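S.K.: Could you have a look at this structure, given as structure tokens, before my questions?
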Amino acid sequence: MTTTSSTKQQTLAAPLTFSGKGLHTGVQVTMTVNPAPADHGIVFRRVDIEGQPTIPALCEYVTDTSRGTTIEINGVRISTIEHIMSALWTMGCDNAMIDIDNTETPIMDGSAKAYAEGIARVGLVEQAAERRYYEVREKQVYTIPEKGVAIVLYPDEEFSVSVHVDYNSKVVGNQYAVLVPEDDYASKIAPCRTFVFLHELEPLFKMNLIKGGDLDNAIVVVENPVSDEQLEHLKTIFGKKDIRVTGGYLNNLELRANNELARHKLLDVLGDFALLGIRIKGRVWATRPGHFANTEFMKQIRATIRREGVKPRFKYNPRVAPVYDVNEIRQMLPHRYPFLLIDRIFHIDGMSIAGVKNITANEPFFQGHFPEEPVMPGVLLIEAMAQCGGLLALSDIEEQDKGNYSTYFLRIDNVRFKHKVTPGDTLQIECELSAPVRRGIASMVCKAFVAGTLVCEAELMAQIVKNK
């Protein structure tokens, strides 16, 4: 069932474990989808690697879209994530930690059927936090004209998707598929399997792909007559004694729907759109969509969201003990009065940080800026964001060594001041890495809020340097 109508975030009621082989790698893999707290998002964790590195399921970490969607951080990757993402997100799961012991998710039967059945079996639980939505205000378009690809996102009160595929195939023909809020995803979309055209098989094998592909987890479309010699070759490739062409498909005697291929493309769209990280209120029309177009469009939408501004990702509760108080911050940053502009850090993970600065009338800069109308200088807003971002950049350094390193900012781009900051305000600062830290260089997007309203934003680049 499609359960995205709830206004509250949801997670699984119990863990789910799936085992099988990866479609492209052929490796055996076990994947466990665990419940996660509110505002966690969907995150993959490589439990087979020392330190168990994590990768948030977000479009900015997509590094490969050849026959599947791959996310990667610092050389750690997980591929073919679109089916599990499609099932989790569309059935209403906002937060999950996915433990996986290899580089690729299990392909199962080539669809999201097993995933959807598992989610339905254990159920979902509602969480206290509200869901975050991107409300589409104007039509947005992504196209690849030379390939006939077009994805259009229209304003609407609810999320719906329409997909049209046409591969100039006499077997497939023109196919359409639609998912609207009242549809049952688990029965209509989830069982629809991945597909490939016969003429694509040989190049894919030569590209070292589909090592785990067989006739039990993929539909193979046959456009032209197949010779006995070709059939013998296919028997060798798939390790099967009996291979035949029936109704334009290889060994697939019965499709699960007359438009199964379009429905599978819709399944993929849902999985790739989940990488936006927040839910969409809008209507999607997609012609010949693919993983590259889907994820590039989500990157485009993420940029739009940044331009339009969003509410803070993290909720500050002054009653909860901070991750770092001001004394701990002083041990990590060299700044001192009157230039230490972070009072506490209340959230930090591998990719983001959130902290606060309480603005009082006693701030020394108010003596001259301006005595009769005190306003916090914009350069100090940027400095406060830079100090918060510096703590994020240092987060991978061992705790006892943090005081031995400093961050020096190399660039400040796309600065925008939205509102004044005055005495009595509590400045909430959030920074998120826009790319993994490489060679001591950290790039991040920083935002500052007062009472949930964006007051300043900027893109910062810093270098981590060991102190002399």
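How things are named: the first chain in the structure tokens is A, the next is B, and so on; residues count from 1 in each chain; ligands count from 1 in the order shown.
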Enumerate, in order of chain and increasing residue number, the residues of range 237-283 of chain A with an atom no farther than 6 Å from range 56-79 of chain A, each with its shortest atom pair and distance in Å to one decimal, counting only C-alpha atoms, as CSV.

M.R.:
residue,atom,partner,partner_atom,distance
A:Leu275,CA,A:Leu58,CA,4.3
A:Leu276,CA,A:Leu58,CA,5.9
A:Gly277,CA,A:Leu58,CA,5.9

S.K.: How would you write, as a tab-separated table (two decimals) with C-alpha atoms, in the first residue's frame, the set of residues in range 376-439 of chain A that DSSP gives as helix (DSSP H, G or I)?

M.R.:
chain	number	residue	atom	x	y	z
A	378	GLY	CA	27.05	40.18	8.07
A	379	VAL	CA	30.75	39.28	8.11
A	380	LEU	CA	30.29	37.92	11.63
A	381	LEU	CA	27.32	35.83	10.53
A	382	ILE	CA	29.62	34.29	7.95
A	383	GLU	CA	32.33	33.84	10.59
A	384	ALA	CA	29.87	32.05	12.90
A	385	MET	CA	28.93	29.70	10.03
A	386	ALA	CA	32.61	29.19	9.25
A	387	GLN	CA	33.37	28.23	12.86
A	388	CYS	CA	30.49	25.77	12.90
A	389	GLY	CA	31.64	24.38	9.54
A	390	GLY	CA	35.19	24.15	10.86
A	391	LEU	CA	33.99	21.81	13.61
A	392	LEU	CA	32.31	19.67	10.94
A	393	ALA	CA	35.49	19.58	8.87
A	399	GLU	CA	38.96	13.43	19.50
A	400	GLN	CA	42.28	13.85	21.31
A	401	ASP	CA	43.89	15.34	18.17
A	402	LYS	CA	41.22	17.89	17.20
A	403	GLY	CA	43.03	20.74	19.00
A	404	ASN	CA	46.11	20.08	16.84

S.K.: According to DSSP computed on the backbone, where in range 68-157 of chain A is there strand (DSSP E or B)? Give the residues as number ranges by chain.

M.R.: A: 70-73, 76-79, 95-100, 104, 106, 124-130, 133-135, 140-144, 149-155

S.K.: What's the 6 Å shell around range 127-129 of chain A, counting only C-alpha atoms, without same-chain residues fewer than 6 positions away, as a count of residues only?

M.R.: 3

S.K.: Report as a list of chain:residue names all protein, DNA and RNA residues lying within 8 Å of Tyr134 in chain A, evaluated on only C-alpha atoms, omitting residues in the same chain fewer than 3 positions from it.

M.R.: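 Using only C-alpha atoms, the neighbours found are A:Ile278, A:Arg279, A:Ile280, A:Lys281, A:Ile305.
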
S.K.: Which is closest to Ser352 in chain A among A:Val180, A:Pro423, A:Pro145, A:His40, if we use only C-alpha atoms?

M.R.: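 Closest to Ser352 in chain A, using only C-alpha atoms: A:His40.
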
S.K.: Neighbouring residues of Val47 in chain A were defined as those with any atom within 12 Å, considering only C-alpha atoms; residues of the same chain fewer than 3 positions away were excluded. Please report them as a list in words.

M.R.: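 Here the answer would be Val29, Thr30, Met31, Thr32, Phe44, Glu50, Gly51, Gln52, Pro53, Thr54, Ile55, Val76, Ile78, Met97, Ile98, Asp99, Ile100, Asp101, Asn102 and Thr103 of chain A.
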
S.K.: Once you have the residues from the selection above, write them out as an mmCIF file, in the first residue's frame, restricted to C-alpha atoms.

M.R.:
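part39.cif was written with the following content:
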data_model
loop_
_atom_site.group_PDB
_atom_site.id
_atom_site.type_symbol
_atom_site.label_atom_id
_atom_site.label_comp_id
_atom_site.auth_asym_id
_atom_site.auth_seq_id
_atom_site.Cartn_x
_atom_site.Cartn_y
_atom_site.Cartn_z
ATOM 1 C CA VAL A 29 24.921 -10.206 -0.141
ATOM 2 C CA THR A 30 22.879 -9.937 3.032
ATOM 3 C CA MET A 31 21.037 -6.682 3.665
ATOM 4 C CA THR A 32 19.165 -5.790 6.865
ATOM 5 C CA PHE A 44 23.289 2.649 4.009
ATOM 6 C CA GLU A 50 36.301 -1.523 9.089
ATOM 7 C CA GLY A 51 34.619 1.385 10.809
ATOM 8 C CA GLN A 52 31.310 0.531 9.121
ATOM 9 C CA PRO A 53 31.169 3.692 6.942
ATOM 10 C CA THR A 54 27.761 5.140 6.105
ATOM 11 C CA ILE A 55 26.347 6.689 2.946
ATOM 12 C CA VAL A 76 32.929 3.233 -0.405
ATOM 13 C CA ILE A 78 26.700 0.663 -2.834
ATOM 14 C CA MET A 97 19.563 2.260 8.619
ATOM 15 C CA ILE A 98 20.367 -0.333 5.964
ATOM 16 C CA ASP A 99 23.209 -2.657 6.919
ATOM 17 C CA ILE A 100 24.774 -4.353 3.905
ATOM 18 C CA ASP A 101 27.779 -6.684 3.733
ATOM 19 C CA ASN A 102 28.821 -6.165 0.117
ATOM 20 C CA THR A 103 28.875 -3.632 -2.694
#
